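Peer 1: Have a look at this one.
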There are 2 protein chains.
Amino acid sequence: MRQSTFLVPTLRDIPSGADVISHQLMLRSGMIRQSAAGVYSFLPLGWKVLRKVEEIVREEMDLSGAQEMFMPSIQPSELWKDSGRWEAYGPELMRVTDRHSREFALGPTHEEVITSIVRDDVRSYKELPMTLYQIQTKFRDERRPRFGVLRGREFLMKDAYSFDLDFAGLDKSYQQMYDAYTKIFTRLNLNFRAVVADSGAMGGKDTHEFMVLSDVGEDTIAYSDESNFAANIEIAPVNVSYEKTNEEFQEMKEVETPDQRTIEEVSSFFETSPSKCIKSLLFIVDEKPVLLLVRGDHEANDIKLKHELDAESVELATSEQTQQIIGVSQGFVGPVHVPYEVQVYADPAVKSIVNGICGANTEKKHFINVNTERDFHVTAYADLRNIQEGDPSPDGKGKILFKEGIEVGHVFKLGTKYSEALGAQYLNDQGKAKPIVMGSYGVGVSRTVAAVIEEHHDDNGIVWPACVSPFDIHLIAINVKQSEQKKLAEMLYKQFQNDGYDVLYDDRPERAGVKFKDADLIGIPLRVQIGKRASENIVEVKDRKTGNVEELYIDDLSAFVKQYSRQ
Amino acid sequence: MRQSTFLVPTLRDIPSGADVISHQLMLRSGMIRQSAAGVYSFLPLGWKVLRKVEEIVREEMDLSGAQEMFMPSIQPSELWKDSGRWEAYGPELMRVTDRHSREFALGPTHEEVITSIVRDDVRSYKELPMTLYQIQTKFRDERRPRFGVLRGREFLMKDAYSFDLDFAGLDKSYQQMYDAYTKIFTRLNLNFRAVVADSGAMGGKDTHEFMVLSDVGEDTIAYSDESNFAANIEIAPVNVSYEKTNEEFQEMKEVETPDQRTIEEVSSFFETSPSKCIKSLLFIVDEKPVLLLVRGDHEANDIKLKHELDAESVELATSEQTQQIIGVSQGFVGPVHVPYEVQVYADPAVKSIVNGICGANTEKKHFINVNTERDFHVTAYADLRNIQEGDPSPDGKGKILFKEGIEVGHVFKLGTKYSEALGAQYLNDQGKAKPIVMGSYGVGVSRTVAAVIEEHHDDNGIVWPACVSPFDIHLIAINVKQSEQKKLAEMLYKQFQNDGYDVLYDDRPERAGVKFKDADLIGIPLRVQIGKRASENIVEVKDRKTGNVEELYIDDLSAFVKQYSRQ
């Protein structure tokens, strides 16, 4: 492709409003342009990369045995009402009304459509298992679209759905998808983890998010420095044994703490460590009061509390509720002498605190020398805190580190939620109708392009891994007005194309500096530069990643490029 | 792909509501399923075919030098208001409102988006010409979606846009697209014509519709039986010389015709041919009365009248208007003694009528022996009738035939309509700003799949041309319970795949009749059937098109298939 007429409008400056590096570089290298908030066009350069990512996803899906198909974006509201998602999805679901006043959803995912197709067209156990997928534009009206294509409102997604006879079959289909995703993100040179995630309100059981570890992202990932363990910090289990110190139990005393409410204020007032304090938080769990205790240097985790109590809703009590239930303001709540109806749940770390400090349930007072069991009763101990950096990894291998994560994939065991709601059944070998057991699996294709850039760039621009580079070779005629350079460049352009390479040929009448800057920005791994030594049949080859430049006789060029592209 | 777990739900019966053969066969062969009126899912078999058509379109676009990109479906209403299409497009444009009450169009085409991108990112004449394209889902809220994917509300389309310095450049870009389309539809084995079409209200000049000649369709095409000439009958020029007969002029007489209003009634009353009658139709053209005369056996063409008079609006006069202007009811209007303000336009055929018949402008009376010039004045003669079957082709080669047409492509010179509305300019070599000259070019990709089926089927099902067949080979184990058949089939399945063929392998425990019926319906060109002679290492190969069956030793199979697929 001749760069002179190729639509690749590079920008020197960082466009305003682009806060993360991938967004900046996609705009600056002319890969994308914005049409509206969260709505982007992929210009030819960006589209070439997107297609390469798409093709890797497609190859691995096909190898896994999944069947490609294509469903409509416009989905009848009736299907969504049957599944209950028409109400549940809220304003993120874009809705459209046709000329006959019929309502439709603009598909954010396709569980309803695919389940209705399988319901109508699959009859017998003999036709299962089956996994279907598509690569398609999706719509989600994000409240706050940002970070370019990392969180857009219209984006390309691969979504797959598995259909099995039973849960054992689902486990197998799930594992196949999990393995395919591992291959995809490995091929894409991404530093990712399959993160145990919270299944939330989706009703399923197992779920993993494939997270690219990154400096940006909307989730924090706890991962092991020595193993594959990774989990969203919200649900990463804490697996630590705490031991009490040998310290002797002292007498519990009430102390005036007129201005000390936070753990920091209290520990500093008593000149001790936050780990000596018992953090006491009152929650309303399914309308009942629950006091949650964690060690002062730990963070309470309400999702774990919700799971522990198998609750529908968990909310931190308001000031008013705290006054009403405990009779004190929030900074002075503690576990000693709580009203009978308040259940007390504590993280195991609390048990190991000897002569600790806690709120006295009296205004402007704390107790010191508090000891569990002697001074207060705990209904039950459970893992109720966030994991922290430096904690041992729950799998026993290595220590925990934190990193932001970009969710590029998600695998999910749906079970029979949709098949029961929409009536998708099969007849088993005894002729009995059974609900089909489903899984659902997504890859954010456009988002993945941004994730690759987040991981593969330097100060000068993008550094594409070869597998998704928009071109194989960037051929640069440094001075097209110099006829020998021009002639040699044109000759090599034809030769590379004949050899089957996809070449971006910078034939523009621009200065060398402009061309090099653009080339760095665009980030094609191998650059061939034709300059002053063209008359001697010598060219330069430059590796975008290392910056290494080598001079070569053109007779050696073909072998060099062949060797390079095999790496 | 093993047919046992491949989602290809064939149907024995013709589904209700499917009126055309392609719609029936796409449903029956399990290619598509409907989600809502005009909204379809492509199941795996249909998707494979759609992808093959898409790939042929892409290859020819790339060869033509066009650059692929990808624009969003969601388009800000502001852009559409700038172009004037927000109002003009009417209810066919699907509109969606986001959570912040901003309005968007769901793209039916992308002139606005692409023009805004080029406006913002192209500066200099050095960057042009440029043609950009995408292959993308489009939305159009048809009042009456029908014929399956032939007229859907959500469909796959290739749309391209050319950007040139001037109209001479546009002519070149247009021709490149025209040539690429010719290659595409030729490769797809379609009997098509590039039809001169009416540019309508789009404001452009040249436009061609690529029409597949067919038994169904929404337009009638006049085409030559000996040349490439083809045009929509609405605008096909008539190029006929008429000669007067030697008959002597008779005296004009008024005759009572109490119940004779139509040409048929009048000619039968006078026991003569309709070609002796002068059909006289009163039109209101831009608020002025115009009497249009054509020969009784011809059809008047109001589009030609509109072009002839360079008019904005042409409407047939109502009964009331006719009474008011001519003072007679519609069946008795004629050119003799029309009021002075009525202009009379006539088709040349009228001039050759000797001693003709026409309405007398008096209730229940006709004139006989009417002769032009002697009895009435004609303001001007012009081609004002529809072309007819049997007319000479306007290019002088062959005779005209009619056929229905399916519009699969459309090329269109837009000129500066969008670039001026949206301010897309370039600086010429004197630094002066000029509007970019545009063209727009579409291929209905999903519609083309249906058009191929309309042309390539027989009573038993689809007969795919090899280039778009969903698989290369349909391998059928006639009785999978017979272990020798099964074993040989499995062996050949592996072997074909290793040789690089895409194989559909019917491994289902079904009866032979069911398998053959399904295979005919699905229509893969080459079938390999493993039956009773498996033990002798003999299989059958069957050509779907001719129905020819041949027995082969498996040792000869590989060479046969290789030879077959080269055809």
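By convention in this document, the chains of the structure tokens carry letters A, B, ... by their order, each chain's residues are numbered from 1, and ligands are numbered from 1 in the order they are shown.
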DSSP on the backbone: what in region 210-445 of chain A comes out strand (DSSP E or B), as JSON, numbers by chain?

Peer 2: {"A": [210, 211, 212, 213, 214, 219, 220, 221, 222, 223, 224, 230, 231, 232, 253, 254, 255, 256, 277, 278, 279, 280, 281, 282, 283, 284, 285, 288, 289, 290, 291, 292, 293, 294, 295, 300, 314, 315, 316, 343, 344, 345, 346, 356, 357, 358, 359, 365, 366, 367, 368, 369, 370, 372, 376, 380, 381, 385, 392, 399, 400, 401, 402, 403, 404, 405, 406, 407, 408, 409, 410, 411, 412, 413, 414, 415, 425, 426, 427, 433, 434, 435, 437, 438, 439, 440, 441, 442, 443, 444]}

Peer 1: Output as a list in words the set of chain B residues within 6 Å of chain A, with distances taken over only C-alpha atoms.

Peer 2: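 Result, ordered by chain then number: Ser4, Thr5, Ser41, Phe42, Leu43, Pro44, Trp47, Glu68, Met69, Phe70, Met71, Pro72, Val96 and Glu127 of chain B.
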
Peer 1: Just write the chosen residues, N, CA and C atoms, as a JSON list (two decimals), in the first residue's frame.

Peer 2:
```
[["chain", "number", "residue", "atom", "x", "y", "z"],
["B", 4, "SER", "N", -23.71, -34.76, 12.16],
["B", 4, "SER", "CA", -24.51, -35.15, 13.34],
["B", 4, "SER", "C", -24.59, -34.02, 14.36],
["B", 5, "THR", "N", -23.52, -33.24, 14.50],
["B", 5, "THR", "CA", -23.56, -32.15, 15.48],
["B", 5, "THR", "C", -23.41, -30.78, 14.81],
["B", 41, "SER", "N", -31.20, -14.65, 11.30],
["B", 41, "SER", "CA", -29.92, -15.21, 11.69],
["B", 41, "SER", "C", -29.40, -16.07, 10.55],
["B", 42, "PHE", "N", -28.11, -15.98, 10.30],
["B", 42, "PHE", "CA", -27.47, -16.92, 9.40],
["B", 42, "PHE", "C", -26.92, -18.08, 10.23],
["B", 43, "LEU", "N", -27.49, -19.27, 10.05],
["B", 43, "LEU", "CA", -26.97, -20.45, 10.73],
["B", 43, "LEU", "C", -25.64, -20.84, 10.05],
["B", 44, "PRO", "N", -24.90, -21.78, 10.66],
["B", 44, "PRO", "CA", -23.54, -22.05, 10.16],
["B", 44, "PRO", "C", -23.43, -22.27, 8.65],
["B", 47, "TRP", "N", -24.00, -18.98, 6.88],
["B", 47, "TRP", "CA", -22.89, -18.07, 7.18],
["B", 47, "TRP", "C", -21.67, -18.40, 6.34],
["B", 68, "GLU", "N", -10.02, -0.93, 2.84],
["B", 68, "GLU", "CA", -11.09, -1.37, 3.75],
["B", 68, "GLU", "C", -10.97, -0.68, 5.09],
["B", 69, "MET", "N", -12.11, -0.34, 5.67],
["B", 69, "MET", "CA", -12.17, 0.25, 7.00],
["B", 69, "MET", "C", -13.47, -0.22, 7.65],
["B", 70, "PHE", "N", -13.84, 0.38, 8.76],
["B", 70, "PHE", "CA", -15.07, -0.06, 9.43],
["B", 70, "PHE", "C", -15.66, 1.09, 10.23],
["B", 71, "MET", "N", -16.85, 1.49, 9.84],
["B", 71, "MET", "CA", -17.49, 2.62, 10.50],
["B", 71, "MET", "C", -18.60, 2.14, 11.44],
["B", 72, "PRO", "N", -18.98, 2.97, 12.38],
["B", 72, "PRO", "CA", -20.00, 2.53, 13.35],
["B", 72, "PRO", "C", -21.41, 2.51, 12.75],
["B", 96, "VAL", "N", -32.36, 5.82, 17.13],
["B", 96, "VAL", "CA", -32.20, 5.33, 18.50],
["B", 96, "VAL", "C", -31.76, 6.50, 19.37],
["B", 127, "GLU", "N", -3.23, 13.85, -1.47],
["B", 127, "GLU", "CA", -3.74, 12.65, -0.80],
["B", 127, "GLU", "C", -4.87, 11.98, -1.58]]
```

Peer 1: Which value, in Å to one decimal, gives the distance between CA of Gly396 (chain B) and CA of Ser280 (chain B)?

Peer 2: 29.2 Å

Peer 1: With chain A laid on chain B by least squares, using all C-alpha atoms in order, how large is the RMSD?

Peer 2: 0.1 Å

Peer 1: Any idea what's packed within 8 Å of Asn460 (chain A), counting only C-alpha atoms, ignoring anything in its chain fewer than 6 positions away? Could you give it as a ChimeraX atom specification?

Peer 2: /A:517,520-521

Peer 1: Pull N, CA, C and O atoms from the residues just selected and write them as an mmCIF file, in the first residue's frame.

Peer 2:
```
data_model
loop_
_atom_site.group_PDB
_atom_site.id
_atom_site.type_symbol
_atom_site.label_atom_id
_atom_site.label_comp_id
_atom_site.auth_asym_id
_atom_site.auth_seq_id
_atom_site.Cartn_x
_atom_site.Cartn_y
_atom_site.Cartn_z
ATOM 1 N N LYS A 517 9.291 9.454 12.337
ATOM 2 C CA LYS A 517 8.364 9.635 13.462
ATOM 3 C C LYS A 517 7.064 8.869 13.208
ATOM 4 O O LYS A 517 6.529 8.215 14.102
ATOM 5 N N ASP A 520 7.681 5.120 13.581
ATOM 6 C CA ASP A 520 7.743 4.710 14.988
ATOM 7 C C ASP A 520 6.345 4.623 15.582
ATOM 8 O O ASP A 520 6.006 3.695 16.310
ATOM 9 N N LEU A 521 5.533 5.617 15.264
ATOM 10 C CA LEU A 521 4.181 5.688 15.796
ATOM 11 C C LEU A 521 3.362 4.478 15.348
ATOM 12 O O LEU A 521 2.675 3.840 16.144
#
```

Peer 1: Contacts of Lys253 (chain A) at 12 Å or less, counting only C-alpha atoms, minus same-chain residues fewer than 4 places along, as a PyMOL selection string?

Peer 2: chain A and resi 336+355-360+365-371+375

Peer 1: When you look at region 214-221 of chain B with a cut-off of 6 Å (counting only C-alpha atoms), what residues show up, excluding the ones that are within fewer than 6 positions of it in the same chain? I need them as a list in words.

Peer 2: Ala231, Asn232, Ile233, Phe402, Lys403, Glu404, Gly405 and Ile406 of chain B

Peer 1: Just to be explicit: take each residue in the selection above, keep N, CA, C and O atoms, and write the result as an mmCIF file, in the first residue's frame.

Peer 2:
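And here is the file that came out, again-v2.cif:
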```cif
data_model
loop_
_atom_site.group_PDB
_atom_site.id
_atom_site.type_symbol
_atom_site.label_atom_id
_atom_site.label_comp_id
_atom_site.auth_asym_id
_atom_site.auth_seq_id
_atom_site.Cartn_x
_atom_site.Cartn_y
_atom_site.Cartn_z
ATOM 1 N N ALA B 231 -31.782 -1.660 -19.239
ATOM 2 C CA ALA B 231 -32.216 -0.480 -18.492
ATOM 3 C C ALA B 231 -33.513 -0.811 -17.794
ATOM 4 O O ALA B 231 -34.272 -1.690 -18.215
ATOM 5 N N ASN B 232 -33.716 -0.122 -16.695
ATOM 6 C CA ASN B 232 -35.003 -0.189 -16.044
ATOM 7 C C ASN B 232 -36.046 0.277 -17.058
ATOM 8 O O ASN B 232 -35.818 1.265 -17.752
ATOM 9 N N ILE B 233 -37.186 -0.433 -17.165
ATOM 10 C CA ILE B 233 -38.147 -0.033 -18.203
ATOM 11 C C ILE B 233 -38.608 1.403 -18.004
ATOM 12 O O ILE B 233 -39.017 2.065 -18.948
ATOM 13 N N PHE B 402 -38.041 -8.533 -21.697
ATOM 14 C CA PHE B 402 -38.224 -8.080 -20.307
ATOM 15 C C PHE B 402 -37.899 -9.221 -19.348
ATOM 16 O O PHE B 402 -38.140 -10.382 -19.653
ATOM 17 N N LYS B 403 -37.391 -8.854 -18.206
ATOM 18 C CA LYS B 403 -37.185 -9.831 -17.152
ATOM 19 C C LYS B 403 -37.235 -9.057 -15.822
ATOM 20 O O LYS B 403 -36.898 -7.873 -15.775
ATOM 21 N N GLU B 404 -37.635 -9.775 -14.764
ATOM 22 C CA GLU B 404 -37.550 -9.135 -13.447
ATOM 23 C C GLU B 404 -36.077 -9.034 -13.055
ATOM 24 O O GLU B 404 -35.249 -9.811 -13.541
ATOM 25 N N GLY B 405 -35.762 -8.105 -12.177
ATOM 26 C CA GLY B 405 -34.376 -7.939 -11.777
ATOM 27 C C GLY B 405 -34.224 -7.828 -10.272
ATOM 28 O O GLY B 405 -35.059 -7.231 -9.597
ATOM 29 N N ILE B 406 -33.157 -8.462 -9.752
ATOM 30 C CA ILE B 406 -32.792 -8.301 -8.341
ATOM 31 C C ILE B 406 -31.591 -7.369 -8.310
ATOM 32 O O ILE B 406 -30.549 -7.683 -8.879
#
```

Peer 1: Between CA of Ile263 (chain B) and CA of Lys279 (chain B), what distance in Å does the model show, to one decimal?

Peer 2: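 Computed distance, CA of Ile263 (chain B) to CA of Lys279 (chain B), equals 7.1 Å.
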
Peer 1: Write out as a ChimeraX atom specification the residues lying within 9 Å of region 560-567 of chain A, counting only C-alpha atoms and excluding same-chain residues fewer than 5 positions away.

Peer 2: /A:466,472-473,526,552

Peer 1: Measuring atom to atom with only C-alpha atoms, identify which of B:Asn189, B:Gln175, B:Asn498, B:Gln430 is nearest to Val212 (chain B).

Peer 2: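 The answer is B:Asn189, which sits nearest to Val212 (chain B).
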
Peer 1: Would you kindly return, as a list of chain:residue names, each protein, DNA or RNA residue with an atom no farther than 12 Å from any atom of Thr362 (chain A), considering only C-alpha atoms and excluding same-chain residues fewer than 2 positions away?

Peer 2: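 Listed by chain and then number, they are A:Glu254, A:Val255, A:Glu256, A:Thr257, A:Pro258, A:Gln323, A:Ile326, A:Gly327, A:Val328, A:Ser329, A:Gln330, A:Gly331, A:Phe332, A:Val333, A:Gly334, A:Pro335, A:Val336, A:His337, A:Val338, A:Cys358, A:Gly359, A:Ala360, A:Lys364, A:Lys365, A:His366, A:Phe367.
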
Peer 1: DSSP says helix (DSSP H, G or I) for which residues of region 252-393 of chain A? Put them as a PyMOL selection string?

Peer 2: chain A and resi 263-269+274-276+302-308+319-326+330-332+348-351

Peer 1: With C-alpha atoms retained, could you export that selection as an mmCIF file, in the first residue's frame?

Peer 2:
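And here's part.cif as it stands now:
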```cif
data_model
loop_
_atom_site.group_PDB
_atom_site.id
_atom_site.type_symbol
_atom_site.label_atom_id
_atom_site.label_comp_id
_atom_site.auth_asym_id
_atom_site.auth_seq_id
_atom_site.Cartn_x
_atom_site.Cartn_y
_atom_site.Cartn_z
ATOM 1 C CA ILE A 263 -8.394 3.558 62.649
ATOM 2 C CA GLU A 264 -5.571 5.917 61.786
ATOM 3 C CA GLU A 265 -6.621 8.480 64.362
ATOM 4 C CA VAL A 266 -7.167 5.869 67.061
ATOM 5 C CA SER A 267 -3.929 3.930 66.510
ATOM 6 C CA SER A 268 -1.924 7.126 66.407
ATOM 7 C CA PHE A 269 -3.644 8.392 69.603
ATOM 8 C CA PRO A 274 -3.441 -0.279 63.202
ATOM 9 C CA SER A 275 -3.130 -4.065 63.447
ATOM 10 C CA LYS A 276 -3.911 -3.726 67.172
ATOM 11 C CA ASP A 302 -18.871 -7.031 51.680
ATOM 12 C CA ILE A 303 -19.029 -9.452 48.705
ATOM 13 C CA LYS A 304 -17.497 -12.173 50.874
ATOM 14 C CA LEU A 305 -19.977 -11.272 53.626
ATOM 15 C CA LYS A 306 -22.803 -11.631 51.126
ATOM 16 C CA HIS A 307 -21.593 -15.066 50.047
ATOM 17 C CA GLU A 308 -20.953 -16.157 53.658
ATOM 18 C CA SER A 319 -25.435 7.038 60.423
ATOM 19 C CA GLU A 320 -29.132 7.043 61.287
ATOM 20 C CA GLN A 321 -29.385 3.249 61.223
ATOM 21 C CA THR A 322 -26.237 2.973 63.389
ATOM 22 C CA GLN A 323 -27.656 5.407 65.946
ATOM 23 C CA GLN A 324 -30.911 3.541 65.985
ATOM 24 C CA ILE A 325 -29.433 0.035 66.312
ATOM 25 C CA ILE A 326 -26.305 0.579 68.450
ATOM 26 C CA GLN A 330 -20.220 5.385 63.482
ATOM 27 C CA GLY A 331 -16.686 6.112 64.759
ATOM 28 C CA PHE A 332 -17.317 4.537 68.168
ATOM 29 C CA PRO A 348 -9.847 -14.832 61.505
ATOM 30 C CA ALA A 349 -7.188 -12.138 61.876
ATOM 31 C CA VAL A 350 -9.321 -10.520 64.592
ATOM 32 C CA LYS A 351 -8.998 -13.641 66.756
#
```

Peer 1: If I take CA of Val541 (chain B) and CA of Gln529 (chain B), how far is one from the other in Å, to one decimal?

Peer 2: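 Answer for the CA of Val541 (chain B) to CA of Gln529 (chain B) separation: 6.2 Å.
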